[in-house]
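Pasting upload-v1.csv here (CSV, C-alpha atoms):
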```
chain,number,residue,atom,x,y,z
A,1,MET,CA,76.9,-105.8,54.9
A,2,GLN,CA,79.0,-108.3,56.8
A,3,GLN,CA,76.9,-108.2,60.0
A,4,VAL,CA,74.1,-106.2,61.8
A,5,GLN,CA,74.1,-105.9,65.5
A,6,CYS,CA,71.6,-104.9,68.2
A,7,ASP,CA,73.8,-103.3,70.8
A,8,ASN,CA,72.0,-103.1,74.3
A,9,VAL,CA,68.7,-102.1,72.7
A,10,HIS,CA,65.9,-100.9,74.9
A,11,HIS,CA,62.5,-99.7,73.8
A,12,SER,CA,59.2,-98.8,75.5
A,13,TYR,CA,55.9,-97.6,73.9
A,14,ASP,CA,54.5,-96.2,77.1
A,15,GLY,CA,57.5,-95.2,79.1
A,16,VAL,CA,56.6,-97.8,81.8
A,17,ARG,CA,57.0,-101.3,80.4
A,18,ASP,CA,59.9,-102.2,78.1
A,19,ALA,CA,58.9,-103.9,74.9
A,20,VAL,CA,62.5,-104.8,74.4
A,21,GLN,CA,65.2,-104.5,77.1
A,22,GLY,CA,69.0,-105.0,77.0
A,23,PHE,CA,68.8,-106.7,73.6
A,24,ASN,CA,72.1,-107.9,72.1
A,25,LEU,CA,71.9,-109.8,68.8
A,26,THR,CA,74.1,-110.3,65.7
A,27,ILE,CA,72.9,-111.2,62.2
A,28,LYS,CA,75.7,-112.3,59.9
A,29,ARG,CA,75.9,-112.2,56.1
A,30,GLY,CA,74.3,-115.3,54.6
A,31,GLU,CA,72.8,-116.5,57.9
A,32,VAL,CA,69.2,-117.4,58.5
A,33,LEU,CA,68.2,-116.5,62.1
A,34,ALA,CA,65.0,-117.6,63.7
A,35,LEU,CA,63.5,-115.2,66.2
A,36,ILE,CA,61.0,-117.1,68.4
A,37,GLY,CA,58.9,-116.3,71.4
A,38,PRO,CA,55.2,-115.9,72.5
A,39,ASN,CA,52.9,-113.2,71.4
A,40,GLY,CA,53.9,-109.9,73.0
A,41,ALA,CA,57.5,-111.0,73.6
A,42,GLY,CA,58.9,-108.2,71.5
A,43,LYS,CA,59.6,-110.0,68.2
A,44,SER,CA,57.8,-107.5,66.0
A,45,THR,CA,59.4,-104.5,67.9
A,46,THR,CA,62.8,-106.0,67.4
A,47,LEU,CA,62.2,-106.4,63.6
A,48,ARG,CA,61.0,-102.8,63.3
A,49,ILE,CA,64.1,-101.6,65.2
A,50,LEU,CA,66.3,-103.6,62.9
A,51,ALA,CA,64.5,-102.2,59.9
A,52,THR,CA,65.2,-98.6,61.2
A,53,LEU,CA,61.5,-97.9,61.4
A,54,GLN,CA,61.6,-97.6,65.2
A,55,CYS,CA,64.3,-95.7,67.0
A,56,PRO,CA,65.4,-97.5,70.2
A,57,ASP,CA,65.1,-95.5,73.4
A,58,LYS,CA,68.6,-96.7,74.4
A,59,GLY,CA,71.3,-98.6,72.6
A,60,ARG,CA,72.0,-98.8,68.8
A,61,VAL,CA,71.6,-101.0,65.7
A,62,LEU,CA,75.0,-101.2,64.0
A,63,TRP,CA,75.7,-102.0,60.4
A,64,ASP,CA,79.3,-103.2,60.2
A,65,GLY,CA,80.0,-101.1,63.3
A,66,ARG,CA,78.2,-98.0,62.0
A,67,ASP,CA,75.2,-96.6,63.8
A,68,ALA,CA,72.2,-97.2,61.5
A,69,TRP,CA,69.8,-94.6,62.8
A,70,PRO,CA,71.6,-91.5,61.5
A,71,ALA,CA,72.0,-93.3,58.1
A,72,ARG,CA,68.6,-94.9,58.2
A,73,TYR,CA,67.3,-93.5,54.8
A,74,GLU,CA,70.3,-94.9,53.0
A,75,ILE,CA,70.3,-98.2,54.9
A,76,ARG,CA,66.6,-98.8,54.3
A,77,GLN,CA,67.5,-99.2,50.6
A,78,ARG,CA,69.4,-102.3,51.6
A,79,ILE,CA,66.6,-103.9,53.7
A,80,GLY,CA,63.7,-106.0,52.7
A,81,PHE,CA,61.0,-105.9,55.4
A,82,LEU,CA,57.7,-107.9,55.8
A,83,GLY,CA,55.9,-106.5,58.8
A,84,ASP,CA,52.9,-107.7,60.7
A,85,GLY,CA,49.7,-107.1,58.7
A,86,ASN,CA,51.4,-105.6,55.6
A,87,ALA,CA,48.8,-103.9,53.3
A,88,LEU,CA,48.5,-104.7,49.6
A,89,TYR,CA,46.9,-102.4,47.1
A,90,PRO,CA,43.7,-104.4,46.0
A,91,GLY,CA,43.3,-102.6,42.7
A,92,MET,CA,46.8,-103.3,41.5
A,93,THR,CA,47.7,-106.4,39.5
A,94,ALA,CA,50.4,-108.7,40.8
A,95,ALA,CA,52.9,-107.5,38.2
A,96,GLY,CA,51.9,-103.9,38.7
A,97,TYR,CA,52.4,-104.1,42.4
A,98,LEU,CA,56.0,-105.4,42.1
A,99,GLN,CA,56.7,-103.0,39.2
A,100,PHE,CA,55.6,-100.1,41.4
A,101,PHE,CA,58.0,-101.0,44.2
A,102,ALA,CA,60.9,-101.7,41.8
A,103,GLU,CA,60.5,-98.2,40.4
A,104,CYS,CA,60.3,-96.8,44.0
A,105,TYR,CA,63.8,-98.3,44.5
A,106,GLY,CA,65.0,-96.4,41.4
A,107,GLN,CA,65.1,-99.3,38.9
A,108,SER,CA,64.8,-98.5,35.3
A,109,ASP,CA,61.7,-99.6,33.5
A,110,SER,CA,63.5,-102.4,31.7
A,111,ALA,CA,65.3,-103.6,34.8
A,112,ALA,CA,62.1,-103.4,36.9
A,113,LYS,CA,60.2,-105.5,34.3
A,114,ALA,CA,62.9,-108.1,34.2
A,115,ARG,CA,63.0,-108.3,38.0
A,116,VAL,CA,59.2,-108.5,38.3
A,117,SER,CA,59.1,-111.4,35.8
A,118,GLU,CA,61.8,-113.2,37.7
A,119,LEU,CA,60.1,-112.9,41.0
A,120,LEU,CA,56.7,-113.9,39.7
A,121,GLN,CA,58.3,-117.1,38.3
A,122,ILE,CA,60.2,-117.8,41.6
A,123,PHE,CA,57.0,-117.4,43.6
A,124,ASP,CA,54.9,-119.4,41.2
A,125,LEU,CA,52.7,-116.3,40.4
A,126,SER,CA,53.4,-115.9,36.6
A,127,SER,CA,49.9,-117.1,35.7
A,128,LYS,CA,48.5,-114.4,38.1
A,129,SER,CA,50.6,-111.5,36.8
A,130,GLU,CA,47.6,-109.6,35.5
A,131,ALA,CA,45.2,-110.7,38.3
A,132,ARG,CA,44.2,-108.0,40.7
A,133,VAL,CA,45.3,-108.4,44.3
A,134,SER,CA,41.7,-108.4,45.4
A,135,GLU,CA,41.1,-111.5,43.3
A,136,MET,CA,44.0,-113.5,44.7
A,137,SER,CA,43.8,-116.0,47.5
A,138,LYS,CA,45.4,-115.3,50.9
A,139,GLY,CA,48.3,-117.6,50.1
A,140,MET,CA,48.9,-115.8,46.8
A,141,ARG,CA,48.8,-112.4,48.4
A,142,GLN,CA,51.3,-113.6,51.1
A,143,ARG,CA,53.7,-114.9,48.4
A,144,LEU,CA,53.3,-111.6,46.6
A,145,SER,CA,54.1,-109.7,49.8
A,146,ILE,CA,57.3,-111.7,50.3
A,147,ALA,CA,58.3,-111.2,46.6
A,148,ARG,CA,58.0,-107.5,47.1
A,149,THR,CA,60.6,-107.6,49.9
A,150,LEU,CA,63.1,-109.0,47.4
A,151,VAL,CA,62.5,-106.7,44.5
A,152,HIS,CA,65.5,-104.5,45.2
A,153,ARG,CA,67.9,-107.4,46.1
A,154,PRO,CA,68.4,-106.4,49.8
A,155,GLU,CA,71.3,-107.3,52.0
A,156,LEU,CA,69.2,-107.9,55.0
A,157,LEU,CA,65.7,-109.5,54.9
A,158,LEU,CA,63.4,-109.2,57.9
A,159,LEU,CA,60.2,-111.4,57.8
A,160,ASP,CA,57.5,-111.4,60.4
A,161,GLU,CA,55.5,-114.6,60.2
A,162,PRO,CA,56.2,-115.2,56.5
A,163,ALA,CA,54.5,-118.6,56.3
A,164,ASP,CA,51.1,-117.2,57.5
A,165,GLY,CA,48.4,-118.3,55.0
A,166,LEU,CA,50.7,-120.6,53.1
A,167,ASP,CA,49.9,-124.3,52.5
A,168,PRO,CA,52.5,-127.0,53.2
A,169,LEU,CA,53.8,-127.0,49.6
A,170,ALA,CA,54.1,-123.2,49.5
A,171,ARG,CA,55.9,-123.3,52.9
A,172,ARG,CA,58.4,-125.8,51.6
A,173,GLN,CA,59.0,-123.7,48.5
A,174,LEU,CA,59.5,-120.6,50.6
A,175,ARG,CA,62.2,-122.4,52.6
A,176,GLU,CA,63.9,-123.3,49.4
A,177,ILE,CA,63.7,-119.7,48.1
A,178,LEU,CA,65.0,-118.2,51.3
A,179,ARG,CA,67.9,-120.7,51.5
A,180,GLN,CA,68.9,-119.7,48.0
A,181,VAL,CA,68.7,-116.0,49.0
A,182,ALA,CA,70.8,-116.6,52.0
A,183,GLY,CA,73.3,-118.5,49.8
A,184,GLU,CA,73.7,-115.2,47.9
A,185,GLY,CA,75.0,-113.6,51.0
A,186,VAL,CA,71.8,-112.0,52.4
A,187,GLY,CA,71.2,-112.0,56.2
A,188,ILE,CA,67.7,-113.2,57.0
A,189,VAL,CA,65.7,-112.9,60.3
A,190,ILE,CA,62.5,-114.8,60.5
A,191,SER,CA,60.0,-114.3,63.3
A,192,SER,CA,57.6,-117.3,63.5
A,193,HIS,CA,55.5,-119.4,65.8
A,194,ILE,CA,55.8,-122.5,63.5
A,195,LEU,CA,58.8,-123.9,65.2
A,196,ARG,CA,58.8,-127.2,63.2
A,197,GLU,CA,59.1,-125.1,60.0
A,198,LEU,CA,62.3,-123.4,61.4
A,199,ASP,CA,64.1,-126.5,62.7
A,200,GLY,CA,66.5,-127.9,60.0
A,201,PHE,CA,66.2,-124.7,58.0
A,202,CYS,CA,67.7,-121.9,60.1
A,203,ASP,CA,71.4,-121.5,61.0
A,204,ALA,CA,70.9,-119.6,64.3
A,205,VAL,CA,68.1,-119.1,66.8
A,206,ALA,CA,67.2,-116.3,69.3
A,207,VAL,CA,64.5,-116.9,71.9
A,208,ILE,CA,62.9,-113.8,73.3
A,209,GLN,CA,60.6,-113.7,76.3
A,210,LYS,CA,59.1,-110.6,77.9
A,211,GLY,CA,61.4,-108.4,75.8
A,212,LYS,CA,64.6,-110.1,76.9
A,213,LEU,CA,66.8,-112.3,74.8
A,214,GLU,CA,67.0,-115.6,76.8
A,215,VAL,CA,69.0,-117.8,74.4
A,216,ALA,CA,70.9,-117.1,71.2
A,217,GLY,CA,73.4,-119.0,69.1
A,218,PRO,CA,73.8,-121.5,66.3
A,219,VAL,CA,70.9,-124.0,66.2
A,220,GLU,CA,72.9,-127.1,66.9
A,221,GLU,CA,74.7,-125.5,69.8
A,222,VAL,CA,71.4,-124.3,71.4
A,223,ILE,CA,69.7,-127.7,70.9
A,224,ASN,CA,72.7,-129.5,72.5
A,225,ARG,CA,72.6,-127.1,75.4
A,226,TYR,CA,68.9,-128.0,76.0
A,227,GLU,CA,69.1,-131.7,75.0
A,228,VAL,CA,67.7,-132.6,78.5
A,229,GLY,CA,64.4,-131.2,77.4
A,230,ARG,CA,63.6,-134.2,75.1
A,231,ARG,CA,64.3,-137.7,76.4
A,232,VAL,CA,62.1,-139.2,73.7
A,233,HIS,CA,63.3,-142.6,72.3
A,234,GLU,CA,62.2,-144.7,69.4
A,235,VAL,CA,61.9,-148.5,70.1
A,236,GLN,CA,61.6,-150.7,67.0
A,237,VAL,CA,59.8,-153.9,67.9
A,238,THR,CA,59.4,-156.8,65.4
A,239,ARG,CA,57.7,-159.2,67.9
A,240,GLY,CA,56.2,-158.8,71.3
A,241,LEU,CA,54.8,-155.2,71.0
A,242,GLN,CA,52.2,-155.7,73.7
A,243,LYS,CA,54.8,-157.0,76.2
A,244,ALA,CA,57.0,-154.1,75.3
A,245,LEU,CA,54.3,-151.5,75.9
A,246,GLU,CA,53.5,-153.1,79.3
A,247,ILE,CA,57.2,-152.9,80.4
A,248,LEU,CA,57.5,-149.3,79.2
A,249,ARG,CA,54.4,-148.3,81.1
A,250,ARG,CA,55.6,-150.1,84.2
A,251,HIS,CA,58.8,-148.0,84.1
A,252,GLU,CA,56.6,-144.8,83.8
A,253,GLY,CA,57.4,-144.4,80.2
A,254,LEU,CA,55.1,-141.9,78.5
A,255,ILE,CA,54.1,-143.4,75.2
A,256,GLU,CA,53.6,-140.7,72.6
A,257,GLN,CA,53.0,-142.8,69.5
A,258,VAL,CA,52.9,-146.3,68.1
A,259,LEU,CA,53.7,-146.3,64.4
A,260,PRO,CA,54.3,-148.8,61.6
A,261,LEU,CA,57.9,-150.0,61.3
A,262,HIS,CA,58.1,-149.1,57.7
A,263,LYS,CA,56.4,-146.7,55.3
A,264,GLY,CA,53.5,-148.3,53.5
A,265,GLU,CA,52.6,-150.7,56.3
A,266,GLU,CA,49.1,-150.6,57.7
A,267,ILE,CA,48.3,-148.3,60.6
A,268,VAL,CA,49.2,-150.0,63.9
A,269,ASP,CA,46.5,-150.7,66.5
A,270,PRO,CA,48.4,-150.3,69.8
A,271,ALA,CA,45.9,-152.6,71.6
A,272,THR,CA,46.5,-155.6,69.4
A,273,ALA,CA,49.5,-155.3,67.2
A,274,ASP,CA,52.6,-157.5,67.7
A,275,ARG,CA,55.1,-155.2,65.9
A,276,GLY,CA,55.6,-151.5,65.6
A,277,LEU,CA,57.7,-148.4,66.3
A,278,VAL,CA,57.1,-146.9,69.7
A,279,ARG,CA,58.0,-143.3,70.5
A,280,VAL,CA,58.3,-143.1,74.3
A,281,ARG,CA,59.5,-140.5,76.8
A,282,ILE,CA,61.9,-142.2,79.1
A,283,HIS,CA,62.7,-140.5,82.4
A,284,GLY,CA,66.2,-140.5,83.7
A,285,ASN,CA,69.6,-140.7,82.0
A,286,GLU,CA,70.9,-143.1,79.3
A,287,ASP,CA,71.6,-145.8,81.9
A,288,ARG,CA,67.8,-146.0,82.4
A,289,ALA,CA,67.3,-146.6,78.7
A,290,ALA,CA,70.0,-149.3,78.7
A,291,LEU,CA,68.3,-151.1,81.6
A,292,LEU,CA,64.9,-150.9,79.8
A,293,LEU,CA,66.5,-152.4,76.7
A,294,LYS,CA,67.9,-155.3,78.7
A,295,GLU,CA,64.5,-156.0,80.3
A,296,LEU,CA,62.8,-156.0,77.0
A,297,VAL,CA,65.2,-158.5,75.6
A,298,LEU,CA,65.0,-160.7,78.7
A,299,ALA,CA,61.2,-160.7,78.3
A,300,ASP,CA,61.6,-162.2,74.8
A,301,VAL,CA,60.7,-159.0,73.0
A,302,GLU,CA,62.4,-158.7,69.6
A,303,VAL,CA,63.9,-155.2,69.6
A,304,ILE,CA,65.8,-154.0,66.5
A,305,SER,CA,66.9,-150.8,68.2
A,306,LEU,CA,66.3,-148.3,71.0
A,307,SER,CA,67.6,-144.8,70.0
A,308,LYS,CA,67.2,-141.3,71.3
A,309,ILE,CA,65.4,-138.8,69.0
A,310,ARG,CA,67.3,-135.6,68.5
A,311,SER,CA,65.9,-132.5,70.2
A,312,ASP,CA,64.5,-129.7,68.1
A,313,LEU,CA,63.7,-126.0,68.5
A,314,GLU,CA,60.3,-126.9,69.9
A,315,ASP,CA,61.9,-128.8,72.7
A,316,VAL,CA,64.2,-125.9,73.4
A,317,TYR,CA,61.3,-123.6,73.6
A,318,SER,CA,59.3,-125.9,75.8
A,319,SER,CA,62.3,-126.4,78.1
A,320,LEU,CA,62.7,-122.7,78.5
A,321,GLY,CA,59.0,-122.2,79.3
A,322,ARG,CA,59.0,-125.1,81.8
A,323,ASP,CA,62.1,-123.8,83.5
A,324,LYS,CA,60.6,-120.3,83.7
A,325,VAL,CA,63.7,-118.7,82.4
A,326,SER,CA,62.0,-115.4,81.9
```
Could you write out this file's structure as structure tokens?
Amino acid sequence: MQQVQCDNVHHSYDGVRDAVQGFNLTIKRGEVLALIGPNGAGKSTTLRILATLQCPDKGRVLWDGRDAWPARYEIRQRIGFLGDGNALYPGMTAAGYLQFFAECYGQSDSAAKARVSELLQIFDLSSKSEARVSEMSKGMRQRLSIARTLVHRPELLLLDEPADGLDPLARRQLREILRQVAGEGVGIVISSHILRELDGFCDAVAVIQKGKLEVAGPVEEVINRYEVGRRVHEVQVTRGLQKALEILRRHEGLIEQVLPLHKGEEIVDPATADRGLVRVRIHGNEDRAALLLKELVLADVEVISLSKIRSDLEDVYSSLGRDKVS
């Protein structure tokens, strides 16, 4: 697989309202793509169509230019899919569950055992290999479900809310695993509401609202396009914090946080502290920020720096909602 494309895909469940309409999207080999949008936007439908489990009413899914639907049984062998509410078999052991699916994909007994052992180690489940699924925690079951999607070394990986039920450490480990998988040339699509988890991890993003693709492209390109949605600055003050907060409020600056200047310092009390790092939303362009900096200095506030915080995927999403793109 070099790339998979949704080509003008439409789909409706009731013949009245389109769950997905006019959808055009490309997933490249070795790329991690974030599919984001509110509940009911069409994310799960899109993943099912990409997985060839749902036939679009109009349009096609193309694998390297080839219509996937007529070849769906062959192409499914090349896809790893974690759907919404995937069922596990409670009476199976973790190892037995993965072994079962490895054999379903035609692996020999020895090859299946080797792959199962490898995946249990990757997902930190080796100690639970003989534990029954019913005895495992929600997070363990989720890790096992994701491991199952990789048992046959797919070329395209489709994951619907894969971090559901995972603690922060397991989420970080999952990101590392998926980056490694992408590095092996696998295309990955992740549907998720946890936008902070996706920023800095995905290569491309697609925002879907009401079944329509509103924005798509490389993450940096999309963030730059919607940079206006942020306008949050960090002001590092070593003396005169109270005067600085007064000036920022006078200029209608929305103060989001007041933090210690350095890690390990005591928590800052915004009402009494004389130094700290202020995160503030400054309205207007960069000229407004420059004027604020000048006023702070003239008021004898010691400012180390005043810098703009880079926008992220959450800002893009908020900007789209505020602008009512859909």
In Å, rounded to a single decimal, give me how far atom CA of A:Glu265 is from atom CA of A:Ala244.
19.8 Å
For a test of reading the model, state the distance in Å between atom CA of A:Gly183 and atom CA of A:Phe123, rounded to one decimal.
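Separating atom CA of A:Gly183 from atom CA of A:Phe123 is a distance of 17.5 Å.
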With 12 Å as the cut-off and all atoms listed in the file counted, what is the closest atom pair between each nearby residue of stretch 5-118 of chain A and stretch 210-225 of chain A? Distances in Å to one decimal, ordered by chain and number, as JSON lines.
```
{"residue": "A:Cys6", "atom": "CA", "partner": "A:Leu213", "partner_atom": "CA", "distance": 11.0}
{"residue": "A:Asn8", "atom": "CA", "partner": "A:Lys212", "partner_atom": "CA", "distance": 10.5}
{"residue": "A:Val9", "atom": "CA", "partner": "A:Lys212", "partner_atom": "CA", "distance": 9.9}
{"residue": "A:His10", "atom": "CA", "partner": "A:Gly211", "partner_atom": "CA", "distance": 8.8}
{"residue": "A:His11", "atom": "CA", "partner": "A:Gly211", "partner_atom": "CA", "distance": 9.0}
{"residue": "A:Ser12", "atom": "CA", "partner": "A:Gly211", "partner_atom": "CA", "distance": 9.9}
{"residue": "A:Arg17", "atom": "CA", "partner": "A:Gly211", "partner_atom": "CA", "distance": 9.5}
{"residue": "A:Asp18", "atom": "CA", "partner": "A:Gly211", "partner_atom": "CA", "distance": 6.8}
{"residue": "A:Ala19", "atom": "CA", "partner": "A:Gly211", "partner_atom": "CA", "distance": 5.2}
{"residue": "A:Val20", "atom": "CA", "partner": "A:Gly211", "partner_atom": "CA", "distance": 4.0}
{"residue": "A:Gln21", "atom": "CA", "partner": "A:Gly211", "partner_atom": "CA", "distance": 5.6}
{"residue": "A:Gly22", "atom": "CA", "partner": "A:Lys212", "partner_atom": "CA", "distance": 6.7}
{"residue": "A:Phe23", "atom": "CA", "partner": "A:Leu213", "partner_atom": "CA", "distance": 6.1}
{"residue": "A:Asn24", "atom": "CA", "partner": "A:Leu213", "partner_atom": "CA", "distance": 7.4}
{"residue": "A:Leu25", "atom": "CA", "partner": "A:Ala216", "partner_atom": "CA", "distance": 7.7}
{"residue": "A:Thr26", "atom": "CA", "partner": "A:Ala216", "partner_atom": "CA", "distance": 9.3}
{"residue": "A:Ile27", "atom": "CA", "partner": "A:Gly217", "partner_atom": "CA", "distance": 10.4}
{"residue": "A:Lys28", "atom": "CA", "partner": "A:Pro218", "partner_atom": "CA", "distance": 11.4}
{"residue": "A:Glu31", "atom": "CA", "partner": "A:Pro218", "partner_atom": "CA", "distance": 9.8}
{"residue": "A:Val32", "atom": "CA", "partner": "A:Pro218", "partner_atom": "CA", "distance": 9.9}
{"residue": "A:Leu33", "atom": "CA", "partner": "A:Pro218", "partner_atom": "CA", "distance": 8.6}
{"residue": "A:Ala34", "atom": "CA", "partner": "A:Val219", "partner_atom": "CA", "distance": 9.1}
{"residue": "A:Leu35", "atom": "CA", "partner": "A:Ala216", "partner_atom": "CA", "distance": 9.1}
{"residue": "A:Ile36", "atom": "CA", "partner": "A:Leu213", "partner_atom": "CA", "distance": 9.9}
{"residue": "A:Gly37", "atom": "CA", "partner": "A:Lys210", "partner_atom": "CA", "distance": 8.6}
{"residue": "A:Pro38", "atom": "CA", "partner": "A:Lys210", "partner_atom": "CA", "distance": 8.5}
{"residue": "A:Asn39", "atom": "CA", "partner": "A:Lys210", "partner_atom": "CA", "distance": 9.4}
{"residue": "A:Gly40", "atom": "CA", "partner": "A:Lys210", "partner_atom": "CA", "distance": 7.2}
{"residue": "A:Ala41", "atom": "CA", "partner": "A:Lys210", "partner_atom": "CA", "distance": 4.6}
{"residue": "A:Gly42", "atom": "CA", "partner": "A:Gly211", "partner_atom": "CA", "distance": 5.0}
{"residue": "A:Lys43", "atom": "CA", "partner": "A:Gly211", "partner_atom": "CA", "distance": 8.0}
{"residue": "A:Ser44", "atom": "CA", "partner": "A:Gly211", "partner_atom": "CA", "distance": 10.5}
{"residue": "A:Thr45", "atom": "CA", "partner": "A:Gly211", "partner_atom": "CA", "distance": 9.0}
{"residue": "A:Thr46", "atom": "CA", "partner": "A:Gly211", "partner_atom": "CA", "distance": 8.8}
```
Option closest in space to A:Asn285, from A:Lys128, A:Leu259, A:Leu241, A:His233 [counting only C-alpha atoms]
A:His233
Within 8 Å of stretch 140-156 of chain A, counting all atoms listed in the file, which residues show up once you throw out same-chain ones fewer than 2 positions away? Write them as a PDB file with C-alpha atoms, keeping the file's coordinate frame, please.
```
ATOM      1  CA  MET A   1      76.900-105.800  54.900  1.00  0.00           C
ATOM      2  CA  ARG A  29      75.900-112.200  56.100  1.00  0.00           C
ATOM      3  CA  GLN A  77      67.500 -99.200  50.600  1.00  0.00           C
ATOM      4  CA  ARG A  78      69.400-102.300  51.600  1.00  0.00           C
ATOM      5  CA  ILE A  79      66.600-103.900  53.700  1.00  0.00           C
ATOM      6  CA  GLY A  80      63.700-106.000  52.700  1.00  0.00           C
ATOM      7  CA  PHE A  81      61.000-105.900  55.400  1.00  0.00           C
ATOM      8  CA  LEU A  82      57.700-107.900  55.800  1.00  0.00           C
ATOM      9  CA  ASN A  86      51.400-105.600  55.600  1.00  0.00           C
ATOM     10  CA  LEU A  88      48.500-104.700  49.600  1.00  0.00           C
ATOM     11  CA  ALA A  94      50.400-108.700  40.800  1.00  0.00           C
ATOM     12  CA  LEU A  98      56.000-105.400  42.100  1.00  0.00           C
ATOM     13  CA  PHE A 101      58.000-101.000  44.200  1.00  0.00           C
ATOM     14  CA  ALA A 102      60.900-101.700  41.800  1.00  0.00           C
ATOM     15  CA  TYR A 105      63.800 -98.300  44.500  1.00  0.00           C
ATOM     16  CA  ARG A 115      63.000-108.300  38.000  1.00  0.00           C
ATOM     17  CA  VAL A 116      59.200-108.500  38.300  1.00  0.00           C
ATOM     18  CA  LEU A 119      60.100-112.900  41.000  1.00  0.00           C
ATOM     19  CA  LEU A 120      56.700-113.900  39.700  1.00  0.00           C
ATOM     20  CA  PHE A 123      57.000-117.400  43.600  1.00  0.00           C
ATOM     21  CA  LEU A 125      52.700-116.300  40.400  1.00  0.00           C
ATOM     22  CA  VAL A 133      45.300-108.400  44.300  1.00  0.00           C
ATOM     23  CA  MET A 136      44.000-113.500  44.700  1.00  0.00           C
ATOM     24  CA  SER A 137      43.800-116.000  47.500  1.00  0.00           C
ATOM     25  CA  LYS A 138      45.400-115.300  50.900  1.00  0.00           C
ATOM     26  CA  LEU A 158      63.400-109.200  57.900  1.00  0.00           C
ATOM     27  CA  PRO A 162      56.200-115.200  56.500  1.00  0.00           C
ATOM     28  CA  ALA A 163      54.500-118.600  56.300  1.00  0.00           C
ATOM     29  CA  ASP A 164      51.100-117.200  57.500  1.00  0.00           C
ATOM     30  CA  GLY A 165      48.400-118.300  55.000  1.00  0.00           C
ATOM     31  CA  LEU A 166      50.700-120.600  53.100  1.00  0.00           C
ATOM     32  CA  GLY A 185      75.000-113.600  51.000  1.00  0.00           C
ATOM     33  CA  VAL A 186      71.800-112.000  52.400  1.00  0.00           C
ATOM     34  CA  GLY A 187      71.200-112.000  56.200  1.00  0.00           C
ATOM     35  CA  ILE A 188      67.700-113.200  57.000  1.00  0.00           C
TER      36      ILE A 188
END
```
Do a neighbour search on stretch 277-281 of chain A at 6 Å with all atoms listed in the file, toss out local chain neighbours closer than 3 positions, and write the hits as a list in words.
Arg231, Val232, His233, Glu234, Val235, Gln236, Gly253, Leu254, Ile255, Glu256, Gln257, Val258, Leu259, Pro260 and Leu261 of chain A
Gap from atom CA of A:Gly59 to atom CA of A:Ser191 - Å, one decimal:
21.5 Å
Contact residues around A:Leu195 with only C-alpha atoms at 12 Å, ignoring same-chain residues under 3 positions, as a PyMOL selection string:
chain A and resi 34-38+161+163+190-192+198-202+205+207+312-318
C-alpha atoms of the current selection, written as an mmCIF file, in the frame of the given file:
```
data_model
loop_
_atom_site.group_PDB
_atom_site.id
_atom_site.type_symbol
_atom_site.label_atom_id
_atom_site.label_comp_id
_atom_site.auth_asym_id
_atom_site.auth_seq_id
_atom_site.Cartn_x
_atom_site.Cartn_y
_atom_site.Cartn_z
ATOM 1 C CA ALA A 34 65.000 -117.600 63.700
ATOM 2 C CA LEU A 35 63.500 -115.200 66.200
ATOM 3 C CA ILE A 36 61.000 -117.100 68.400
ATOM 4 C CA GLY A 37 58.900 -116.300 71.400
ATOM 5 C CA PRO A 38 55.200 -115.900 72.500
ATOM 6 C CA GLU A 161 55.500 -114.600 60.200
ATOM 7 C CA ALA A 163 54.500 -118.600 56.300
ATOM 8 C CA ILE A 190 62.500 -114.800 60.500
ATOM 9 C CA SER A 191 60.000 -114.300 63.300
ATOM 10 C CA SER A 192 57.600 -117.300 63.500
ATOM 11 C CA LEU A 198 62.300 -123.400 61.400
ATOM 12 C CA ASP A 199 64.100 -126.500 62.700
ATOM 13 C CA GLY A 200 66.500 -127.900 60.000
ATOM 14 C CA PHE A 201 66.200 -124.700 58.000
ATOM 15 C CA CYS A 202 67.700 -121.900 60.100
ATOM 16 C CA VAL A 205 68.100 -119.100 66.800
ATOM 17 C CA VAL A 207 64.500 -116.900 71.900
ATOM 18 C CA ASP A 312 64.500 -129.700 68.100
ATOM 19 C CA LEU A 313 63.700 -126.000 68.500
ATOM 20 C CA GLU A 314 60.300 -126.900 69.900
ATOM 21 C CA ASP A 315 61.900 -128.800 72.700
ATOM 22 C CA VAL A 316 64.200 -125.900 73.400
ATOM 23 C CA TYR A 317 61.300 -123.600 73.600
ATOM 24 C CA SER A 318 59.300 -125.900 75.800
#
```
